[in-house]
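**Q** Structure provided below as structure tokens; questions to follow.
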Amino acid sequence: MARHLQIMGGTDNLKMALDIYTGLRTRAAGGQVNTPCDDKDIELTIGRLLQIFGGTDNRQKALDIFTRLRTRAAGGQADTPCDDKEIELALGRHLQTMGGTDNLIAALNIFTRLRTRAAGGQADIPCDDKVIELTLGRHLQAMGGTDNLGAALDIYTRLRTQAAGGRANTPCDDKDIELTWVDTSSSWEVRRT
């Protein structure tokens with residue numbers, strides 16, 4: 001029900017969805033209101049919904065949720081990457097939306113670490129995880145600058161070539177890859193000229 005309300009959108013529907021998630025959280029926390037629970041899915045969903053609401057207070061609440069999840073997944077060690085890809089991606093994407101140089105660099109570090117881990121510990125090597133590669137490419141694109149746009153285009157071109165059965169400069173059937181590739185290649189051409 002709450003997810004359907006989110007899809008419908010609008011302030012009233014989003015507030016009703018938040019009420020449902022908050023009720024689930026309260027129940028999962030043993031009846032304690034405004035208390036984090038041990039259910040990662042509920043916590044991530046509330047954090048993502050707070051992102052949608054926007055505003056400084058909601059962004060901070062979402063950051064607190066994602067940071068708390070990460071700390072718990074890292075065995076209680078604060079400011080320590082965890083082995084949970086979903087939590088790391090949520091935190092990195094949130095830092096990206098918050099903006100600012102420090103947050104963008106922190107997000108880049110998260111995405112780069114995820115990529116390195118997925119590539120068997122080899123730094124600066126593409127991994128076989130499309131979600132991580134697309135997220136890193138989009139982040140480089142958001143950071144802007146010729147070098148970052150070029151690196152993003154390299155990621156998308158490599159993904160596109162793989163998805164097209166190894167044929168370079170060939171459209172593939174993956175909508176996510178095609179949309180990012182077209183968008184970045186257009187930006188790249190404008191910047192290069």
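Scheme for the structure tokens: letters A, B, ... for chains in order shown; per-chain residue numbers from 1; ligand numbers from 1 in order shown.
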Quick one: residues within 7 Å of region 34-51 of chain A, only C-alpha atoms, excluding same-chain residues fewer than 5 positions away - as a ChimeraX atom specification?
**A** /A:18,21,25-26,28-29,58-59,62,65-66
**Q** With only C-alpha atoms as the counted atoms, please give the residues lying no more than 10 Å from region 160-164 of chain A, apart from itself and same-chain residues fewer than 6 positions off, as a PyMOL selection string.
**A** chain A and resi 128+154+170-174+176-178+180-181
**Q** As a count of residues only, please: every residue in region 86-175 of chain A that DSSP puts in alpha helix (DSSP H).
**A** 64
**Q** Skipping near chain neighbours, those fewer than 4 positions away, what residues fall within 9 Å of region 78-84 of chain A using only C-alpha atoms, listed as a ChimeraX atom specification?
**A** /A:67-68,70-74,88-89,110,113-114
**Q** How would the residues just chosen look if you wrote them out with N, CA and C atoms as a tab-separated table (two decimals), in the first residue's frame?
**A**
chain	number	residue	atom	x	y	z
A	67	THR	N	23.63	6.17	7.67
A	67	THR	CA	24.88	6.06	8.45
A	67	THR	C	24.73	5.03	9.55
A	68	ARG	N	23.60	5.03	10.21
A	68	ARG	CA	23.35	4.06	11.29
A	68	ARG	C	23.34	2.64	10.73
A	70	ARG	N	24.84	1.57	8.06
A	70	ARG	CA	26.22	1.24	7.68
A	70	ARG	C	27.04	0.87	8.91
A	71	THR	N	26.91	1.65	9.98
A	71	THR	CA	27.66	1.39	11.21
A	71	THR	C	27.30	0.02	11.77
A	72	ARG	N	26.01	-0.28	11.78
A	72	ARG	CA	25.57	-1.59	12.30
A	72	ARG	C	26.11	-2.72	11.43
A	73	ALA	N	26.05	-2.54	10.11
A	73	ALA	CA	26.53	-3.58	9.19
A	73	ALA	C	28.05	-3.74	9.25
A	74	ALA	N	28.75	-2.69	9.72
A	74	ALA	CA	30.21	-2.74	9.86
A	74	ALA	C	30.62	-3.17	11.26
A	88	GLU	N	25.58	0.65	1.14
A	88	GLU	CA	26.63	1.52	0.61
A	88	GLU	C	26.11	2.36	-0.55
A	89	LEU	N	25.35	1.74	-1.47
A	89	LEU	CA	24.79	2.50	-2.59
A	89	LEU	C	23.81	3.57	-2.11
A	110	ILE	N	32.91	5.86	-1.99
A	110	ILE	CA	32.04	4.70	-1.75
A	110	ILE	C	31.87	3.89	-3.03
A	113	ARG	N	35.09	2.14	-4.00
A	113	ARG	CA	35.35	0.98	-3.13
A	113	ARG	C	34.48	-0.21	-3.52
A	114	LEU	N	33.20	0.06	-3.80
A	114	LEU	CA	32.29	-1.01	-4.23
A	114	LEU	C	32.81	-1.66	-5.51
**Q** How far is it from CA of Gly121 (chain A) to CA of Lys85 (chain A), in Å with one decimal?
**A**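 These atoms are spaced 14.8 Å apart.
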**Q** Between CA of Gly55 (chain A) and CA of Gly137 (chain A), what is the distance, to one decimal in Å?
**A** 26.2 Å
**Q** Provide the CA of Met16 (chain A) to CA of Ile52 (chain A) distance in Å, to one decimal place.
**A**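 Result for CA of Met16 (chain A) versus CA of Ile52 (chain A): 13.6 Å, one decimal.
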